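Everything below concerns the one structure shown next.
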Amino acid sequence: MRWARAAGRGLLAAALIAAGYAGTGGPATASAGGTGGRGPMTLVTGGDLTGYLRGVLADWNRGHPAEKVTLVELPEAADEVRAQMSTSLRSGSDRFDVLNIDVAWTSEFAAAGWIAPLDGRRFPLNRFLPPVVDTATFGGRLHAVPYVTNAGLLYYRKDVLDKAREKPPRTWSELRRLARTVAPRYGLDGYAGQFLPYEGLTVNAAEALQSAGGSILADEGSRVTVDSPAARTGLEFLTGGVREGWIPRKALGYKEEESRRAFQNGRLLFLRNWPYAYPLAGAEGSKVAGKFGVVPLPGPDGPGAGILGGSNLAVNTNSRHPESAAALIRHLTSERVQRRVLTEGSLPPARADLYRDPALVRRFPYLPTLYKSLLTAKPRPKSPRYEQVNLAVQAVVHDAMAQRQSPAAALRRLRAELDAIARRG
């Protein structure tokens with residue numbers, strides 16, 4: 001399964017929308033045709049695997065025949081989605097009116113001037129989870145609107161811990177002890193996340209560093225902060241796990257799906273993954289169905305700081321119909337449609353109130369745990385050159401986890417690479 005699906009499946013889900021221009025950062029609100037900024041729109045997204053989005057947009061189109069939305073689905077792979085979007089935007093094309101973008105792309109697209117600033121007063125931002133809104137801002141301004149969110153969870157074998165008379169871990173030391181002692185006693189590997197050098201490793205590394213009180217970048221990418229004692233503590237959690245054996249070396253080749261299958265097939269005691277894995281692990285035929293639970297990711301002294309996944313909705317700076325886009329985004333972020341995002345699309349919604357709905361909690365038991373995780377989660381490092389930052393982080397961290405470089409040396413190397421990226425920015 002692709003990174004886009006796992007990281008909130010925000011690029012697989014919904015095409016989106018945005019608009020309501022703020023200030024003078026975007027084009028005039030009226031279209032060239034003199035329609036007051038209203039008319040048909042094109043929405044671009046990664047592939048919608050669940051198919052629910054077409055039903056949502058069909059409802060809109062029936063009620064708005066003069067403002068119909070055409071859905072454009074790009075290939076599923078996140079790097080191809082970003083490449084096609086950025087190529088079109090860089091050329092100044094108005095082919096795509098609205099874009100469903102990974103939360104990590106907001107800063108890059110905003111800094112390039114490809115997506116327009118938005119007037120937050122036009123959208124129900126007070127109904128969203130506060131950390132999720134932060135992913136949609138850059139330079140002190142709102143440049144997108146949250147649509148789908150996500151945060152990592154710790155999956156654990158409840159049946160095994162019950163037999164061992166142990167509780168799920170709340171701290172790294174408890175996780176380490178259980179992964180080292182209980183897992184081998186029951187023929188299991190201890191712990192795995194997504195450790196192949198790709199975007200998933202950047203997320204796992206950022207979670208570890210931030211849980212320890214460190215960070216990678218500050219001031220929206222202008223200041224490098226990665227070479228700190230706290231960041232070293234976070235990286236040592238990961239490198240020490242491989243060195244001591246409670247993170248199996250084969251996990252250095254895991255993405256979301258490889259790690260999910262290892263847990264679902266009964267080979268892992270603990271797994272860090274996104275909520276999409278919950279219904280799959282509990283489905284008929286799964287070897288761990290009815291035998292697992294989820295808790296927030298642990299940190300050094302208590303719950304850790306997860307990384308937000310998901311997607312934001314942004315409007316092309318060259319869109320001709322911003323008023324229609326504004327109306328559509330209000331529709332897509334309404335309580336009724338956000339409920340469908342969860343119940344039909346199996347995607348974590350951006351609206352906070354849905355996580356406390358008793359009927360939804362009965363149907364999706366992980367919602368309370370996910371809600372807690374979302375409230376403490378943070379965005380991935382914000383940078384106008386996010387793709388370069390991402391490549392540097394994953395390469396250096398993978399070398400450290402593979403024991404080719406000490407954590408201290410790896411962070412010095414990473415600081416030098418990020419300093420060079422920041423100077424180019």
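Chain labels follow the order of the structure tokens: the first chain is A, the next B, and so on; residue numbering restarts at 1 in every chain, and ligands are counted from 1 in their shown order.
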
Between range 222-290 of chain A and range 208-218 of chain A, at 6 Å or less, what are the per-residue closest atom pairs and their distances in Å? Count only C-alpha atoms, order by chain and rising residue number, and return it as a Markdown table.
| residue | atom | partner | partner_atom | distance |
| --- | --- | --- | --- | --- |
| A:Arg223 | CA | A:Ala218 | CA | 5.1 |
| A:Val224 | CA | A:Leu217 | CA | 4.6 |
| A:Thr225 | CA | A:Leu217 | CA | 5.2 |
| A:Val226 | CA | A:Ile216 | CA | 4.3 |
| A:Ala230 | CA | A:Gly214 | CA | 4.7 |
| A:Ala231 | CA | A:Gly214 | CA | 4.4 |
| A:Gly234 | CA | A:Leu209 | CA | 4.3 |

If you run DSSP on the backbone here, which positions in range 88-270 of chain A get strand (DSSP E)? Please write them as number ranges by chain. A: 98-102, 137-138, 141-142, 145-150, 153-157, 189-192, 217-218, 223-224, 268-270

Residues just named, written with N, CA and C atoms as a compact mmCIF listing (two decimals), in the first residue's frame:
# COMPACT_ATOMS: atom_id res chain seq x y z
N VAL A 98 -8.88 23.14 -7.69
CA VAL A 98 -8.63 22.83 -6.28
C VAL A 98 -7.84 21.55 -6.17
N LEU A 99 -7.05 21.46 -5.09
CA LEU A 99 -6.09 20.37 -4.96
C LEU A 99 -6.19 19.72 -3.59
N ASN A 100 -6.11 18.39 -3.59
CA ASN A 100 -6.03 17.63 -2.34
C ASN A 100 -4.56 17.33 -2.12
N ILE A 101 -3.93 18.02 -1.18
CA ILE A 101 -2.48 17.90 -1.00
C ILE A 101 -2.14 17.28 0.34
N ASP A 102 -1.11 16.49 0.37
CA ASP A 102 -0.58 15.97 1.62
C ASP A 102 -0.27 17.14 2.55
N THR A 137 -1.23 26.09 7.77
CA THR A 137 -0.73 27.46 7.82
C THR A 137 0.74 27.52 7.41
N PHE A 138 1.12 28.68 6.88
CA PHE A 138 2.51 28.95 6.55
C PHE A 138 2.70 30.46 6.52
N ARG A 141 -0.18 32.64 7.85
CA ARG A 141 -1.44 32.75 7.10
C ARG A 141 -1.98 31.37 6.78
N LEU A 142 -3.28 31.30 6.63
CA LEU A 142 -3.94 30.06 6.24
C LEU A 142 -3.84 29.90 4.74
N VAL A 145 -7.21 24.20 3.89
CA VAL A 145 -8.21 23.86 4.90
C VAL A 145 -8.13 22.37 5.18
N PRO A 146 -8.06 21.97 6.45
CA PRO A 146 -7.97 20.54 6.77
C PRO A 146 -9.20 19.77 6.29
N TYR A 147 -8.96 18.57 5.79
CA TYR A 147 -10.06 17.72 5.31
C TYR A 147 -9.99 16.33 5.95
N VAL A 148 -8.83 15.72 5.88
CA VAL A 148 -8.60 14.40 6.47
C VAL A 148 -7.37 14.51 7.36
N THR A 149 -7.39 13.85 8.51
CA THR A 149 -6.23 13.89 9.39
C THR A 149 -5.81 12.48 9.75
N ASN A 150 -4.76 12.36 10.55
CA ASN A 150 -4.26 11.06 10.95
C ASN A 150 -3.14 11.22 11.96
N LEU A 153 -0.49 5.19 15.86
CA LEU A 153 -0.92 4.49 17.07
C LEU A 153 0.04 3.34 17.34
N LEU A 154 0.09 2.90 18.60
CA LEU A 154 0.86 1.71 18.94
C LEU A 154 -0.11 0.53 19.04
N TYR A 155 0.03 -0.40 18.12
CA TYR A 155 -0.74 -1.64 18.15
C TYR A 155 0.01 -2.65 19.02
N TYR A 156 -0.73 -3.42 19.81
CA TYR A 156 -0.07 -4.41 20.68
C TYR A 156 -0.92 -5.67 20.75
N ARG A 157 -0.25 -6.79 21.00
CA ARG A 157 -0.92 -8.07 21.16
C ARG A 157 -1.48 -8.18 22.57
N ASP A 189 8.77 -11.17 17.16
CA ASP A 189 9.66 -10.01 17.11
C ASP A 189 9.08 -8.93 18.01
N GLY A 190 9.94 -8.00 18.45
CA GLY A 190 9.51 -7.05 19.45
C GLY A 190 8.70 -5.87 18.93
N TYR A 191 9.31 -5.06 18.08
CA TYR A 191 8.69 -3.79 17.69
C TYR A 191 9.10 -3.44 16.27
N ALA A 192 8.18 -2.84 15.53
CA ALA A 192 8.51 -2.36 14.18
C ALA A 192 7.66 -1.14 13.87
N LEU A 217 13.58 21.03 12.48
CA LEU A 217 13.65 22.41 11.99
C LEU A 217 12.78 23.30 12.86
N ALA A 218 13.04 24.57 12.83
CA ALA A 218 12.21 25.57 13.51
C ALA A 218 12.04 26.77 12.59
N ARG A 223 15.58 27.62 10.41
CA ARG A 223 16.56 27.33 11.46
C ARG A 223 16.63 25.83 11.68
N VAL A 224 17.84 25.27 11.67
CA VAL A 224 18.05 23.84 11.85
C VAL A 224 18.31 23.57 13.33
N LEU A 268 4.61 -10.03 15.31
CA LEU A 268 5.09 -8.88 16.07
C LEU A 268 4.31 -8.70 17.36
N LEU A 269 5.00 -8.26 18.40
CA LEU A 269 4.32 -7.91 19.64
C LEU A 269 3.81 -6.47 19.58
N PHE A 270 4.61 -5.55 19.03
CA PHE A 270 4.23 -4.14 18.96
C PHE A 270 4.44 -3.60 17.54

Best match for closeness to Gly299 in chain A among A:Thr376, A:Thr106, A:Gln394, A:Thr87, counting only C-alpha atoms: A:Thr376

Please provide as JSON, numbers by chain all residues within 12 Å of Val132 in chain A, with the sequence filter that same-chain residues fewer than 2 positions apart are discarded (counting only C-alpha atoms). {"A": [103, 104, 125, 126, 127, 128, 129, 130, 134, 135, 136, 137, 142, 144, 145, 146, 147, 148, 149, 150, 151, 307, 308, 309, 310, 311, 312, 348, 349, 350, 351, 352, 371, 373, 374, 375, 376, 377, 378, 379, 380]}

Could the residues of range 269-387 of chain A that have an atom at most 12 Å from range 46-52 of chain A be listed as JSON lines, each with its closest atom pair and the distance in Å to one decimal, counting only C-alpha atoms and ordered by chain and ascending residue number?
{"residue": "A:Ser311", "atom": "CA", "partner": "A:Gly46", "partner_atom": "CA", "distance": 10.6}
{"residue": "A:Val337", "atom": "CA", "partner": "A:Tyr52", "partner_atom": "CA", "distance": 10.6}
{"residue": "A:Gln338", "atom": "CA", "partner": "A:Tyr52", "partner_atom": "CA", "distance": 11.7}
{"residue": "A:Arg339", "atom": "CA", "partner": "A:Tyr52", "partner_atom": "CA", "distance": 11.7}
{"residue": "A:Arg340", "atom": "CA", "partner": "A:Tyr52", "partner_atom": "CA", "distance": 8.0}
{"residue": "A:Val341", "atom": "CA", "partner": "A:Tyr52", "partner_atom": "CA", "distance": 7.8}
{"residue": "A:Leu342", "atom": "CA", "partner": "A:Tyr52", "partner_atom": "CA", "distance": 10.0}
{"residue": "A:Thr343", "atom": "CA", "partner": "A:Tyr52", "partner_atom": "CA", "distance": 9.4}
{"residue": "A:Glu344", "atom": "CA", "partner": "A:Tyr52", "partner_atom": "CA", "distance": 5.8}
{"residue": "A:Gly345", "atom": "CA", "partner": "A:Tyr52", "partner_atom": "CA", "distance": 5.6}
{"residue": "A:Ser346", "atom": "CA", "partner": "A:Thr50", "partner_atom": "CA", "distance": 8.0}
{"residue": "A:Leu347", "atom": "CA", "partner": "A:Thr50", "partner_atom": "CA", "distance": 9.7}

Produce a file of the selected residues containing all heavy atoms, as a short mmCIF file (atom, residue, chain, number, x, y, z; two decimals), in the first residue's frame.
data_model
loop_
_atom_site.label_atom_id
_atom_site.label_comp_id
_atom_site.auth_asym_id
_atom_site.auth_seq_id
_atom_site.Cartn_x
_atom_site.Cartn_y
_atom_site.Cartn_z
N SER A 311 -4.62 15.05 4.71
CA SER A 311 -4.56 15.94 3.57
C SER A 311 -5.28 17.25 3.86
O SER A 311 -6.20 17.32 4.67
CB SER A 311 -5.20 15.30 2.33
OG SER A 311 -6.59 15.17 2.48
N VAL A 337 -20.98 15.76 5.90
CA VAL A 337 -20.03 15.18 4.96
C VAL A 337 -18.83 14.62 5.68
O VAL A 337 -18.32 13.54 5.32
CB VAL A 337 -19.61 16.21 3.90
CG1 VAL A 337 -18.51 15.65 3.01
CG2 VAL A 337 -20.81 16.63 3.06
N GLN A 338 -18.36 15.29 6.72
CA GLN A 338 -17.23 14.75 7.48
C GLN A 338 -17.58 13.41 8.12
O GLN A 338 -16.72 12.53 8.26
CB GLN A 338 -16.80 15.76 8.53
CG GLN A 338 -16.02 16.93 7.98
CD GLN A 338 -14.54 16.60 7.81
OE1 GLN A 338 -13.82 16.41 8.77
NE2 GLN A 338 -14.10 16.54 6.57
N ARG A 339 -18.83 13.22 8.48
CA ARG A 339 -19.26 11.92 8.99
C ARG A 339 -19.13 10.86 7.90
O ARG A 339 -18.72 9.73 8.16
CB ARG A 339 -20.70 12.02 9.49
CG ARG A 339 -21.24 10.76 10.16
CD ARG A 339 -22.66 11.00 10.66
NE ARG A 339 -22.66 11.97 11.76
CZ ARG A 339 -22.58 11.63 13.05
NH1 ARG A 339 -22.52 10.35 13.39
NH2 ARG A 339 -22.59 12.55 13.98
N ARG A 340 -19.47 11.21 6.69
CA ARG A 340 -19.32 10.27 5.57
C ARG A 340 -17.85 9.97 5.29
O ARG A 340 -17.51 8.86 4.84
CB ARG A 340 -19.99 10.83 4.32
CG ARG A 340 -21.49 10.92 4.41
CD ARG A 340 -22.11 11.51 3.15
NE ARG A 340 -21.98 10.62 2.00
CZ ARG A 340 -22.46 10.91 0.79
NH1 ARG A 340 -23.08 12.07 0.59
NH2 ARG A 340 -22.30 10.06 -0.21
N VAL A 341 -16.99 10.96 5.50
CA VAL A 341 -15.55 10.73 5.34
C VAL A 341 -15.12 9.53 6.19
O VAL A 341 -14.34 8.68 5.75
CB VAL A 341 -14.76 12.00 5.73
CG1 VAL A 341 -13.28 11.69 5.88
CG2 VAL A 341 -14.97 13.09 4.71
N LEU A 342 -15.65 9.47 7.41
CA LEU A 342 -15.30 8.37 8.31
C LEU A 342 -16.07 7.09 7.99
O LEU A 342 -15.47 6.02 7.83
CB LEU A 342 -15.56 8.79 9.76
CG LEU A 342 -15.36 7.72 10.83
CD1 LEU A 342 -13.90 7.24 10.86
CD2 LEU A 342 -15.77 8.26 12.20
N THR A 343 -17.40 7.19 7.87
CA THR A 343 -18.21 5.97 7.77
C THR A 343 -18.14 5.32 6.39
O THR A 343 -18.24 4.10 6.28
CB THR A 343 -19.67 6.28 8.11
OG1 THR A 343 -20.18 7.28 7.21
CG2 THR A 343 -19.80 6.79 9.55
N GLU A 344 -17.97 6.11 5.34
CA GLU A 344 -17.91 5.55 3.99
C GLU A 344 -16.49 5.50 3.45
O GLU A 344 -16.16 4.60 2.68
CB GLU A 344 -18.79 6.36 3.04
CG GLU A 344 -20.26 6.38 3.41
CD GLU A 344 -21.09 7.25 2.47
OE1 GLU A 344 -20.68 7.42 1.31
OE2 GLU A 344 -22.14 7.77 2.92
N GLY A 345 -15.66 6.46 3.82
CA GLY A 345 -14.30 6.51 3.31
C GLY A 345 -13.27 5.88 4.22
O GLY A 345 -12.12 5.70 3.83
N SER A 346 -13.69 5.56 5.46
CA SER A 346 -12.76 4.97 6.46
C SER A 346 -11.55 5.87 6.68
O SER A 346 -10.43 5.39 6.88
CB SER A 346 -12.31 3.57 6.03
OG SER A 346 -13.41 2.70 5.92
N LEU A 347 -11.78 7.17 6.66
CA LEU A 347 -10.71 8.15 6.83
C LEU A 347 -10.97 8.98 8.08
O LEU A 347 -12.11 9.39 8.33
CB LEU A 347 -10.65 9.08 5.62
CG LEU A 347 -10.42 8.39 4.27
CD1 LEU A 347 -10.73 9.34 3.13
CD2 LEU A 347 -9.00 7.88 4.18
#

Picked from range 147-271 of chain A by DSSP as alpha helix (DSSP H), as a PyMOL selection string: chain A and resi 158-163+172-185+199-211+229-244+256-264

Any idea what the distance is between CA of Ser107 in chain A and CA of Pro384 in chain A? 5.5 Å

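With only C-alpha atoms as the atoms that count, the residue of A:Ala392, A:Ala277, A:Leu271, A:Met401 with the shortest distance to Ala416 in chain A is A:Ala392.
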
Report the distance between CA of Leu89 in chain A and CA of Ala77 in chain A in Å, rounded to one decimal place.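 So the answer is 18.6 Å.
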
Using only C-alpha atoms, which residues of range 232-270 of chain A come within 12 Å of range 171-176 of chain A, and what is the closest atom pair for each, with the distance in Å to one decimal? Give it as a tab-separated table, sorted by chain and residue number.
residue	atom	partner	partner_atom	distance
A:Thr233	CA	A:Trp172	CA	11.0
A:Gly234	CA	A:Trp172	CA	10.0
A:Glu236	CA	A:Trp172	CA	11.2
A:Phe237	CA	A:Trp172	CA	7.7
A:Leu238	CA	A:Trp172	CA	10.3
A:Gly240	CA	A:Arg176	CA	9.6
A:Gly241	CA	A:Arg176	CA	7.6
A:Val242	CA	A:Arg176	CA	11.1
A:Glu244	CA	A:Arg176	CA	9.5
A:Gly245	CA	A:Arg176	CA	10.1
A:Trp246	CA	A:Arg176	CA	7.2
A:Ile247	CA	A:Arg176	CA	9.3
A:Leu269	CA	A:Leu175	CA	10.0
A:Phe270	CA	A:Leu175	CA	8.3

Closest to Ala78 in chain A among A:Glu284, A:Asp97, A:Glu220, A:Glu199, using only C-alpha atoms? A:Glu199

What separation in Å, quoted to one decimal, exists between CA of Leu360 in chain A and CA of Val133 in chain A?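 Calculated distance between CA of Leu360 in chain A and CA of Val133 in chain A is 22.6 Å.
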
Check the smallest atom-to-atom distance from each of A:Ala327, A:Ala179, A:Leu370, A:Ala400 to Asn273 in chain A using only C-alpha atoms, then report the winner.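 With only C-alpha atoms as the atom set, the closest residue is A:Leu370.
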
Considering only C-alpha atoms, state which residue in the set A:Ala408, A:Ala325, A:Ala251, A:Ala116 is at the smallest distance from Thr42 in chain A. A:Ala325

Nearest to Ala111 in chain A among A:Ser286, A:Ser383, A:Asp162, A:Gly39, with distances taken over only C-alpha atoms: which residue is it?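 So, comparing all the options, the nearest one is A:Ser383.
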
Taking 5 positions as the minimum chain separation for residues in the same chain, which residues sit within 12 Å of Gln405 in chain A when counting only C-alpha atoms? Answer as a VMD selection string. chain A and resid 235 to 236 239 243 395 to 400 410 to 414
